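Asker: Would you mind keeping the following structure in view while I ask a few things?
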Amino acid sequence: MMAGSLSSCATIPVYKTTIANNKVSVPDTLFAQSDFQIIQPKDLYYNIGLRKEKDGSYTALLLRCTHADNQLTSTGNGFKCNLHGSEFNKEGQVTQGPAEHTLKKYPTEIVSNQIIIHIN
Amino acid sequence: MHKTFTLLLLCAFFSAKLSAQSKNLTSEDSLNNNLSKSATTIGGYGNAFYQHNSSQQTSKLDLERFVLFTGHKFNDKISVFTELEVEDAKVTGGESGGEVAIEQAYLKFNLNANQYIVAGLFLPRMGILNENHLPNTFNGNERNQVETVIIPSTWRELGVGLYGNLNNLPINYYAGIVNGLSSADFQHGSGIREGRFEGRNATGNNLAITAALQYFQNNFKFQVSGYYGGTIGVSKRKADSLGLSSGIFATPVAIGEADVQYAANGFSVKALGAIVSIPNASDINRAYANNTPKTEYGAYLEIGYDLLHTVKTAHDKQLILFVRDEKLNLNATIPSNGIIDGTLNQNYVVAGLTYLPIRNVAIKADVTLIHTGAQNPDLIINPNPVAQPYEPNYNLVNLGVAFSF
């Protein structure tokens with residue numbers, strides 16, 4: 001059973017939830033107004049950026065810098081690490097070093113109006 | 001007796017096994033299995049450049065910095081970060097020049113996905129360069145002067161800092177408490193820079209608080225930051241004998257800074273302003289005779305454009321044409337017992353190219369035009385009969401390479 005609550009905000013929508021069996025479940029109704037959500041699973045020390053693609057699929061990015069594992073800040077058009085200045089675009093690609101690798105991407109699937117993120 | 005002992009052993013074995021199994025079933029530990037394996041990271045940066053000085057008619061080549069970064073993540077909650085720096089390539093006993101220093105060494109405790117605490121030797125969030133100073137991420141071979149002397153980057157002190165970002169807004173915040181400065185070590189011409197302890201036997205009688213706010217809006221990043229700290233770390237008895245007030249925030253230094261950065265469509269703009277206030281500068285001068293000013297300020301504006309932005313085939317390559325205008329005054333106001341020095345009223349115009357064949361490697365060429373105010377003859381105590389007259393206008397030509405990984 002996934003427990004979730006929507007923290008409303010016009011700027012960065014955040015959805016708090018939990019993890020069960022290495023899965024995070026997110027209702028797809030959250031994407032009625034926006035194509036991007038920050039997912040905040042309990043006990044995970046990094047947020048997940050969940051984006052709805054034009055073809056209806058979803059991309060889940062772990063917001064952990066690939067240089068030194070620092071948490072990333074969502075800037076509206078990408079993600080920034082304050083530790084050494086690395087930057088990533090919305091797709092998770094590096095736009096500013098020292099990070100050299102794209103953000104970790106989790107597989108997703110849609111089951112009964114729920115977006116399932118597989119944390120593995 | 002023997003049966004009882006065997007039974008106890010079996011109970012202990014199964015109890016331990018069950019405990020381990022139930023532990024593996026928690027979501028956090030499941031996550032840790034996937035995310036939190038301990039890991040050691042090695043990184044670093046460095047830069048070397050050639051510089052010709054038109055005034056002195058000298059040229060030099062220097063491996064200015066080589067820094068080795070090592071980080072270790074014990075688990076998802078606790079990490080350690082360190083940076084070991086060597087300046088000017090070599091340090092030899094009995095000779096001036098060069099420096100070996102620990103630039104950072106702190107533990108990082110993640111509280112949750114949005115907040116963490118650092119403890120140890122760390123870089124307070126002040127300005128742009130202090131926190132993000134990788135040489136391939138700024139234009140020009142040399143760091144900008146405003147963030148070298150007004151904000152004395154790379155400024156690290158011992159203490160504790162809280163970093164975080166708001167959940168629903170693109171706002172980052174930072175607050176920290178660190179050891180204070182030593183006004184006894186302030187030097188004429190370098191602002192507060194020589195008053196830093198940088199982790200070596202810092203005084204604990206005086207402390208400083210620092211804080212910053214950042215706001216992100218698409219292609220813009222805004223920041224304000226501040227510092228307020230005492231500069232008298234000696235004992236009360238010694239401070240009294242020097243006529244100085246003592247205490248945690250006695251004889252304070254206050255710094256305010258604001259900056260904005262913009263980057264889009266090949267254009268990049270940085271603007272920063274900072275002001276330093278030392279209201280009791282006259283007390284410092286009376287005690288230490290180091291001509292400490294009451295106020296210093298500095299500001300710069302830099303505009304860059306990536307000439308390969310529209311023609312690039314390989315996304316990584318950049319050729320940035322830039323110009324930066326810097327204005328700073330290290331003795332904007334002086335106390336009654338200070339001596340004004342026009343050479344500390346300075347203007348730097350830096351223009352050049354930064355070529356990045358890949359993001360983490362830069363080849364740089366720039367020219368720096370320097371203009372200062374006139375020299376004050378009252379400050380020349382023992383004039384050198386063969387000294388060249390002071391030149392308030394001169395330029396530097398710099399060619400260099402830089403990298404980070």
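Going by the structure tokens order, chains are called A, B, ..., each with residues numbered from 1, while ligands are numbered from 1 in the order shown.
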Stretch 102-119 of chain B: which residues within 6 Å, counting only C-alpha atoms, same-chain residues fewer than 5 positions away excluded, as a list of chain:residue names?
Answerer: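 Contacts, in chain order: A:Tyr45, A:Tyr46, A:Asn47, B:Lys77, B:Ile78, B:Ser79, B:Val80, B:Phe81, B:Thr82, B:Glu83, B:Leu84, B:Gly159, B:Val160, B:Gly161, B:Leu162, B:Tyr163, B:Gly164, B:Asn165.
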Asker: Take the residues from that selection and write them out as a CSV table (one decimal), in the first residue's frame, keeping N, CA and C atoms.
Answerer:
chain,number,residue,atom,x,y,z
A,45,TYR,N,17.4,9.4,0.5
A,45,TYR,CA,18.2,10.6,0.7
A,45,TYR,C,18.3,11.5,-0.6
A,46,TYR,N,17.6,11.1,-1.6
A,46,TYR,CA,17.7,11.8,-2.9
A,46,TYR,C,16.2,11.9,-3.4
A,47,ASN,N,15.9,13.0,-4.1
A,47,ASN,CA,14.6,13.1,-4.7
A,47,ASN,C,14.7,12.4,-6.1
B,77,LYS,N,23.9,8.3,4.4
B,77,LYS,CA,23.7,9.4,5.3
B,77,LYS,C,25.0,10.1,5.6
B,78,ILE,N,26.1,9.5,5.6
B,78,ILE,CA,27.4,10.1,6.0
B,78,ILE,C,28.5,9.9,5.0
B,79,SER,N,29.1,11.1,4.7
B,79,SER,CA,30.2,11.1,3.7
B,79,SER,C,31.3,11.9,4.3
B,80,VAL,N,32.5,11.8,3.7
B,80,VAL,CA,33.6,12.7,4.0
B,80,VAL,C,34.2,13.2,2.7
B,81,PHE,N,34.5,14.5,2.7
B,81,PHE,CA,35.0,15.2,1.5
B,81,PHE,C,36.3,15.9,1.9
B,82,THR,N,37.3,15.7,1.1
B,82,THR,CA,38.6,16.4,1.3
B,82,THR,C,39.2,16.9,0.0
B,83,GLU,N,40.0,18.0,0.2
B,83,GLU,CA,40.7,18.5,-1.0
B,83,GLU,C,42.1,18.9,-0.5
B,84,LEU,N,43.1,18.4,-1.2
B,84,LEU,CA,44.5,18.7,-0.8
B,84,LEU,C,45.0,19.6,-2.0
B,159,GLY,N,34.1,24.8,11.1
B,159,GLY,CA,32.8,25.1,11.7
B,159,GLY,C,31.7,24.1,11.3
B,160,VAL,N,30.5,24.5,11.4
B,160,VAL,CA,29.4,23.7,11.1
B,160,VAL,C,28.4,24.5,10.2
B,161,GLY,N,27.9,23.8,9.1
B,161,GLY,CA,27.0,24.5,8.2
B,161,GLY,C,25.8,23.6,7.9
B,162,LEU,N,24.7,24.3,7.7
B,162,LEU,CA,23.4,23.6,7.3
B,162,LEU,C,23.1,24.1,5.9
B,163,TYR,N,22.9,23.1,5.1
B,163,TYR,CA,22.5,23.4,3.7
B,163,TYR,C,21.1,22.8,3.4
B,164,GLY,N,20.3,23.5,2.6
B,164,GLY,CA,19.0,22.9,2.3
B,164,GLY,C,18.4,23.6,1.2
B,165,ASN,N,17.3,23.0,0.7
B,165,ASN,CA,16.5,23.7,-0.3
B,165,ASN,C,15.0,23.5,0.1
Asker: Select residues of chain A: the criterion is any atom within 7 Å of an atom of chain B, counting only C-alpha atoms; output as a list in words.
Answerer: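 Residues passing the distance filter: Cys9, Thr11, Ile12, Pro13, Val14, Ile19, Ala20, Asn22, Asp43, Leu44, Tyr45, Tyr46, Asn47, Ala68, Gln71, Ser74, Thr75, Gly76, Asn77, His84, Gly85, Gln96, Gly97, Pro98 and Asn120 of chain A.
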Asker: Quick one: write out the picked residues with N, CA and C atoms as a PDB file, in the first residue's frame?
Answerer:
ATOM      1  N   CYS A   9       2.104  23.273  -4.993  1.00  0.00           N
ATOM      2  CA  CYS A   9       2.861  24.495  -5.224  1.00  0.00           C
ATOM      3  C   CYS A   9       2.936  24.720  -6.714  1.00  0.00           C
ATOM      4  N   THR A  11       5.209  26.277  -8.321  1.00  0.00           N
ATOM      5  CA  THR A  11       6.554  26.321  -8.878  1.00  0.00           C
ATOM      6  C   THR A  11       7.159  24.932  -9.056  1.00  0.00           C
ATOM      7  N   ILE A  12       7.288  24.204  -7.976  1.00  0.00           N
ATOM      8  CA  ILE A  12       7.829  22.844  -8.075  1.00  0.00           C
ATOM      9  C   ILE A  12       6.874  21.894  -7.368  1.00  0.00           C
ATOM     10  N   PRO A  13       6.070  21.151  -8.111  1.00  0.00           N
ATOM     11  CA  PRO A  13       5.172  20.211  -7.445  1.00  0.00           C
ATOM     12  C   PRO A  13       5.960  19.050  -6.845  1.00  0.00           C
ATOM     13  N   VAL A  14       5.669  18.775  -5.587  1.00  0.00           N
ATOM     14  CA  VAL A  14       6.380  17.706  -4.877  1.00  0.00           C
ATOM     15  C   VAL A  14       5.361  16.679  -4.395  1.00  0.00           C
ATOM     16  N   ILE A  19       8.164   3.785  -0.242  1.00  0.00           N
ATOM     17  CA  ILE A  19       8.680   2.751  -1.138  1.00  0.00           C
ATOM     18  C   ILE A  19       8.278   1.385  -0.585  1.00  0.00           C
ATOM     19  N   ALA A  20       7.791   0.560  -1.457  1.00  0.00           N
ATOM     20  CA  ALA A  20       7.482  -0.813  -1.037  1.00  0.00           C
ATOM     21  C   ALA A  20       7.975  -1.762  -2.114  1.00  0.00           C
ATOM     22  N   ASN A  22      10.789  -2.119  -3.360  1.00  0.00           N
ATOM     23  CA  ASN A  22      11.641  -1.406  -4.317  1.00  0.00           C
ATOM     24  C   ASN A  22      10.844  -0.729  -5.438  1.00  0.00           C
ATOM     25  N   ASP A  43      12.594   8.061   3.458  1.00  0.00           N
ATOM     26  CA  ASP A  43      13.835   7.327   3.738  1.00  0.00           C
ATOM     27  C   ASP A  43      14.816   7.276   2.573  1.00  0.00           C
ATOM     28  N   LEU A  44      14.483   7.914   1.492  1.00  0.00           N
ATOM     29  CA  LEU A  44      15.453   8.002   0.397  1.00  0.00           C
ATOM     30  C   LEU A  44      16.136   9.368   0.510  1.00  0.00           C
ATOM     31  N   TYR A  45      17.432   9.397   0.456  1.00  0.00           N
ATOM     32  CA  TYR A  45      18.153  10.646   0.676  1.00  0.00           C
ATOM     33  C   TYR A  45      18.342  11.452  -0.601  1.00  0.00           C
ATOM     34  N   TYR A  46      17.629  11.070  -1.627  1.00  0.00           N
ATOM     35  CA  TYR A  46      17.654  11.822  -2.884  1.00  0.00           C
ATOM     36  C   TYR A  46      16.231  11.886  -3.422  1.00  0.00           C
ATOM     37  N   ASN A  47      15.881  13.000  -4.054  1.00  0.00           N
ATOM     38  CA  ASN A  47      14.594  13.096  -4.730  1.00  0.00           C
ATOM     39  C   ASN A  47      14.669  12.394  -6.084  1.00  0.00           C
ATOM     40  N   ALA A  68      29.982  13.384  -7.183  1.00  0.00           N
ATOM     41  CA  ALA A  68      30.301  13.045  -5.791  1.00  0.00           C
ATOM     42  C   ALA A  68      29.047  12.763  -4.971  1.00  0.00           C
ATOM     43  N   GLN A  71      23.176  15.833  -3.348  1.00  0.00           N
ATOM     44  CA  GLN A  71      21.798  16.056  -3.784  1.00  0.00           C
ATOM     45  C   GLN A  71      21.752  17.193  -4.806  1.00  0.00           C
ATOM     46  N   SER A  74      16.503  21.346  -8.203  1.00  0.00           N
ATOM     47  CA  SER A  74      15.772  21.559  -9.448  1.00  0.00           C
ATOM     48  C   SER A  74      15.708  23.053  -9.722  1.00  0.00           C
ATOM     49  N   THR A  75      16.164  23.460 -10.905  1.00  0.00           N
ATOM     50  CA  THR A  75      16.249  24.893 -11.219  1.00  0.00           C
ATOM     51  C   THR A  75      15.141  25.344 -12.168  1.00  0.00           C
ATOM     52  N   GLY A  76      14.267  24.480 -12.549  1.00  0.00           N
ATOM     53  CA  GLY A  76      13.210  24.856 -13.486  1.00  0.00           C
ATOM     54  C   GLY A  76      13.509  24.364 -14.888  1.00  0.00           C
ATOM     55  N   ASN A  77      14.769  24.453 -15.295  1.00  0.00           N
ATOM     56  CA  ASN A  77      15.125  23.926 -16.610  1.00  0.00           C
ATOM     57  C   ASN A  77      16.233  22.876 -16.518  1.00  0.00           C
ATOM     58  N   HIS A  84      30.199  21.026  -6.419  1.00  0.00           N
ATOM     59  CA  HIS A  84      31.295  21.367  -7.328  1.00  0.00           C
ATOM     60  C   HIS A  84      30.798  22.074  -8.576  1.00  0.00           C
ATOM     61  N   GLY A  85      29.505  22.354  -8.645  1.00  0.00           N
ATOM     62  CA  GLY A  85      28.984  23.166  -9.739  1.00  0.00           C
ATOM     63  C   GLY A  85      28.470  22.399 -10.943  1.00  0.00           C
ATOM     64  N   GLN A  96      27.277  20.937 -17.480  1.00  0.00           N
ATOM     65  CA  GLN A  96      28.440  21.580 -16.866  1.00  0.00           C
ATOM     66  C   GLN A  96      29.117  20.576 -15.953  1.00  0.00           C
ATOM     67  N   GLY A  97      30.448  20.456 -16.078  1.00  0.00           N
ATOM     68  CA  GLY A  97      31.202  19.527 -15.263  1.00  0.00           C
ATOM     69  C   GLY A  97      31.366  20.038 -13.849  1.00  0.00           C
ATOM     70  N   PRO A  98      32.085  19.301 -13.018  1.00  0.00           N
ATOM     71  CA  PRO A  98      32.945  18.173 -13.337  1.00  0.00           C
ATOM     72  C   PRO A  98      32.225  16.837 -13.566  1.00  0.00           C
ATOM     73  N   ASN A 120      15.818   0.163  -8.752  1.00  0.00           N
ATOM     74  CA  ASN A 120      16.801  -0.939  -8.754  1.00  0.00           C
ATOM     75  C   ASN A 120      18.026  -0.549  -9.556  1.00  0.00           C
TER      76      ASN A 120
END
Asker: Check chain A with DSSP on the backbone and list each residue it calls strand (DSSP E or B), as a ChimeraX atom specification.
Answerer: /A:5-7,14-17,20,23-27,36-41,48-52,58-62,64,71,73-74,78-80,87-89,94-96,105-106,108-111,114-118
Asker: Write out as a CSV table (one decimal) with C-alpha atoms, in the first residue's frame the residues lying within 12 Å of B:Phe186, counting only C-alpha atoms and excluding same-chain residues fewer than 6 positions away.
Answerer:
chain,number,residue,atom,x,y,z
B,149,VAL,CA,40.6,40.1,-2.1
B,152,PRO,CA,39.0,36.1,0.0
B,192,ILE,CA,41.0,40.7,5.2
B,193,ARG,CA,42.6,37.9,3.2
B,194,GLU,CA,45.6,37.3,5.6
B,195,GLY,CA,43.3,37.2,8.6
B,196,ARG,CA,41.9,33.8,7.6
B,197,PHE,CA,42.9,30.8,9.6
B,231,THR,CA,38.3,39.4,14.8
B,232,ILE,CA,39.8,39.3,18.2
B,253,VAL,CA,33.9,42.3,10.1
B,278,ILE,CA,35.1,47.0,9.6
B,281,ALA,CA,39.2,49.7,12.1
B,284,ILE,CA,42.8,47.5,14.9
B,285,ASN,CA,45.2,50.1,13.5
B,287,ALA,CA,46.8,47.9,18.2
B,288,TYR,CA,48.5,46.4,15.1
B,289,ALA,CA,49.4,49.3,12.8
B,290,ASN,CA,48.3,47.5,9.7
B,291,ASN,CA,46.4,50.3,8.1
B,292,THR,CA,43.0,48.5,8.1
B,293,PRO,CA,40.3,50.3,6.2
B,330,LEU,CA,40.4,48.2,-0.7
Asker: One number please: atom CA of B:Gly230 to atom CA of B:Ser277, in Å, one decimal.
Answerer: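 According to the coordinates, atom CA of B:Gly230 and atom CA of B:Ser277 are separated by 12.1 Å.
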Asker: Report the residues of chain A whose backbone DSSP state falls under helix (DSSP H, G or I), written as an mmCIF file with N, CA and C atoms, in the first residue's frame.
Answerer:
data_model
loop_
_atom_site.group_PDB
_atom_site.id
_atom_site.type_symbol
_atom_site.label_atom_id
_atom_site.label_comp_id
_atom_site.auth_asym_id
_atom_site.auth_seq_id
_atom_site.Cartn_x
_atom_site.Cartn_y
_atom_site.Cartn_z
ATOM 1 N N ASP A 28 -1.111 8.986 -11.951
ATOM 2 C CA ASP A 28 -0.842 9.768 -13.173
ATOM 3 C C ASP A 28 -1.666 11.055 -13.244
ATOM 4 N N THR A 29 -2.672 11.171 -12.340
ATOM 5 C CA THR A 29 -3.466 12.405 -12.320
ATOM 6 C C THR A 29 -2.610 13.617 -11.932
ATOM 7 N N LEU A 30 -1.479 13.366 -11.294
ATOM 8 C CA LEU A 30 -0.591 14.478 -10.917
ATOM 9 C C LEU A 30 -0.090 15.230 -12.148
ATOM 10 N N PHE A 31 -0.115 14.569 -13.275
ATOM 11 C CA PHE A 31 0.447 15.181 -14.484
ATOM 12 C C PHE A 31 -0.625 15.854 -15.349
ATOM 13 N N ALA A 32 -1.783 16.096 -14.760
ATOM 14 C CA ALA A 32 -2.838 16.785 -15.504
ATOM 15 C C ALA A 32 -2.456 18.241 -15.767
#
Asker: Do you have the atom CA of B:Gln388-atom CA of B:Gln56 distance handy?
Answerer: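 It comes out at 8.9 Å.
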Asker: Grab the atom CA of B:Leu353 to atom CA of B:Ala48 distance for me, in Å with one decimal place.
Answerer: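 Pair atom CA of B:Leu353 / atom CA of B:Ala48 returns 15.8 Å.
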